[in-house]
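Undergrad: Below is run22.txt; it holds compact mmCIF, C-alpha atoms.
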# COMPACT_ATOMS: atom_id res chain seq x y z
CA ASP A 1 0.00 0.00 0.00
CA LEU A 2 2.36 2.65 -1.21
CA GLN A 3 1.10 6.18 -0.98
CA PRO A 4 1.74 8.40 -4.02
CA GLU A 5 3.48 10.98 -1.84
CA TYR A 6 5.95 8.40 -0.53
CA VAL A 7 6.75 7.16 -4.03
CA ALA A 8 7.19 10.70 -5.28
CA GLU A 9 9.40 11.67 -2.36
CA THR A 10 11.59 8.61 -2.75
CA ILE A 11 12.03 8.91 -6.50
CA GLY A 12 12.03 12.69 -6.29
CA THR A 13 15.38 12.59 -4.54
CA VAL A 14 16.81 11.49 -7.87
CA SER A 15 15.41 14.43 -9.81
CA LEU A 16 12.44 16.72 -10.19
CA LYS A 17 11.56 14.90 -13.42
CA GLY A 18 11.60 11.60 -11.51
CA LYS A 19 9.24 13.04 -8.92
CA GLU A 20 6.77 14.16 -11.57
CA LEU A 21 6.93 10.80 -13.31
CA ALA A 22 6.39 8.93 -10.05
CA MET A 23 3.36 11.00 -9.12
CA THR A 24 1.83 10.59 -12.57
CA THR A 25 2.38 6.83 -12.49
CA ALA A 26 1.10 6.43 -8.93
CA GLU A 27 -2.02 8.48 -9.66
CA ARG A 28 -2.73 6.50 -12.82
CA LEU A 29 -2.37 3.19 -10.98
CA MET A 30 -4.66 4.37 -8.19
CA ASN A 31 -7.30 5.48 -10.69
CA GLU A 32 -7.13 2.16 -12.53
CA GLY A 33 -7.51 0.32 -9.22
CA GLU A 34 -10.59 2.34 -8.35
CA GLU A 35 -12.15 1.61 -11.75
CA VAL A 36 -11.54 -2.13 -11.35
CA GLY A 37 -13.12 -1.98 -7.89
CA VAL A 38 -16.24 -0.28 -9.22
CA ILE A 39 -16.60 -2.83 -12.01
CA LYS A 40 -16.16 -5.75 -9.62
CA GLY A 41 -18.77 -4.20 -7.33
CA MET A 42 -21.21 -3.95 -10.21
CA TYR A 43 -20.75 -7.61 -11.09
CA ASN A 44 -21.02 -8.60 -7.43
CA GLU A 45 -24.41 -6.89 -7.29
CA LYS A 46 -25.55 -8.77 -10.41
CA TYR A 47 -24.33 -12.05 -8.88
CA GLN A 48 -26.18 -11.37 -5.62
CA THR A 49 -29.35 -10.55 -7.59
CA ILE A 50 -29.08 -13.82 -9.54
CA MET A 51 -28.62 -15.83 -6.37
CA ARG A 52 -31.53 -14.13 -4.54
CA LEU A 53 -33.91 -14.55 -7.45
CA SER A 54 -32.91 -18.17 -7.99
CA LYS A 55 -33.94 -18.92 -4.38
CA LEU A 56 -37.42 -17.76 -5.38
CA ASN A 57 -37.46 -20.48 -8.05
CA LEU A 58 -37.67 -17.99 -10.89
CA LYS A 59 -36.81 -19.12 -14.41
CA PRO A 60 -33.41 -18.05 -15.76
CA GLU A 61 -35.22 -15.88 -18.32
CA ASP A 62 -36.94 -13.93 -15.54
CA ILE A 63 -33.75 -13.69 -13.50
CA ALA A 64 -31.90 -12.43 -16.59
CA GLU A 65 -34.39 -9.62 -17.00
CA GLY A 66 -33.97 -8.60 -13.35
CA ALA A 67 -30.18 -8.78 -13.50
CA GLY A 68 -29.74 -7.20 -16.92
CA LEU A 69 -28.04 -10.25 -18.39
CA THR A 70 -28.84 -12.89 -21.00
CA PRO A 71 -30.61 -16.08 -19.91
CA GLU A 72 -27.56 -18.02 -21.11
CA LYS A 73 -25.25 -16.05 -18.83
CA VAL A 74 -27.61 -16.56 -15.89
CA LYS A 75 -27.61 -20.31 -16.52
CA GLU A 76 -23.80 -20.30 -16.63
CA VAL A 77 -23.59 -18.38 -13.36
CA LEU A 78 -26.07 -20.68 -11.64
CA ALA A 79 -24.23 -23.76 -12.88
CA ALA A 80 -20.93 -22.31 -11.61
CA GLY A 81 -22.31 -21.93 -8.08
CA ASP A 82 -19.73 -20.31 -5.80
CA LYS A 83 -17.55 -19.54 -8.82
CA GLY A 84 -20.39 -17.64 -10.49
CA LEU A 85 -19.05 -14.24 -9.50
CA ASP A 86 -15.65 -15.06 -11.00
CA LEU A 87 -17.43 -16.14 -14.17
CA LEU A 88 -19.33 -12.85 -14.34
CA ILE A 89 -16.25 -10.74 -13.71
CA GLY A 90 -14.04 -12.74 -16.04
CA ASP A 91 -11.80 -10.32 -17.83
CA ASN A 92 -14.52 -7.63 -17.81
CA ALA A 93 -12.90 -5.96 -14.83
CA THR A 94 -9.90 -5.01 -16.91
CA LYS A 95 -11.75 -4.34 -20.18
CA GLN A 96 -13.77 -1.38 -19.00
Can you dump the structure from the file as structure tokens?
TA:
Amino acid sequence: DLQPEYVAETIGTVSLKGKELAMTTAERLMNEGEEVGVIKGMYNEKYQTIMRLSKLNLKPEDIAEGAGLTPEKVKEVLAAGDKGLDLLIGDNATKQ
């Protein structure tokens, strides 16, 4: 858990240009991390919705409408069980 200020200070002792580069890089990495977290949260909510609705014995088609997914994807998630969230996230967390 490096803080951008620490990275900048450490590299900044080399040069002012190094400090600017370190801050830019650290800020970019933090922003990318936040975006990935938001995307994962969105897919977690979809997964939780699928699991709640499946307990009500709804058809995958109805669950798909409630979760904003295709019936095929809902069936895949349900078949995956505990790994359903990983299936939903897949590489979507880094695509966005």
Undergrad: Would you work out the distance separating CA of Leu29 (chain A) from CA of Gly90 (chain A), expressed in Å to one decimal?
TA: 20.4 Å
Undergrad: Could you please determine the separation between CA of Ser54 (chain A) and CA of Leu87 (chain A) in Å, to one decimal place?
TA: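 Those two atoms sit 16.8 Å apart.
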Undergrad: CA of Asp62 (chain A) and CA of Gly37 (chain A), how far apart in Å?
TA: 27.7 Å
Undergrad: Could you pull the residues within 9 Å of Tyr47 (chain A), counting only C-alpha atoms, minus those fewer than 4 positions along the same chain, as a list in words?
TA: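 Counting only C-alpha atoms, the residues come to Met42, Tyr43, Met51, Arg52, Ala67, Val74, Val77, Gly84, Leu85 and Leu88 of chain A.
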Undergrad: May I have the residues within 12 Å of Glu61 (chain A) as a list in words, using all atoms listed in the file and disregarding those fewer than 4 positions away in the same chain?
TA: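 Counting all atoms listed in the file, the residues come to Ile50, Leu53, Ser54, Asn57, Glu65, Gly66, Ala67, Gly68, Leu69, Thr70, Pro71, Glu72, Lys73, Val74 and Lys75 of chain A.
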Undergrad: May I ask which of the residues A:Asp82, A:Glu32, A:Glu27, A:Glu76 is the closest one to Gln48 (chain A), counting only C-alpha atoms?
TA: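 Closest residue, counting only C-alpha atoms: A:Asp82.
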Undergrad: Using all atoms listed in the file for the distances, tell me which of A:Lys46, A:Pro60, A:Leu78, A:Gln3 is nearest to Met30 (chain A).
TA: A:Gln3
Undergrad: Pick out the residues sitting within 9 Å of Ile89 (chain A), and hand them over as a VMD selection string; count all atoms listed in the file, and ignore anything fewer than 6 positions along from it in its own chain.
TA: chain A and resid 39 to 40 43 to 44
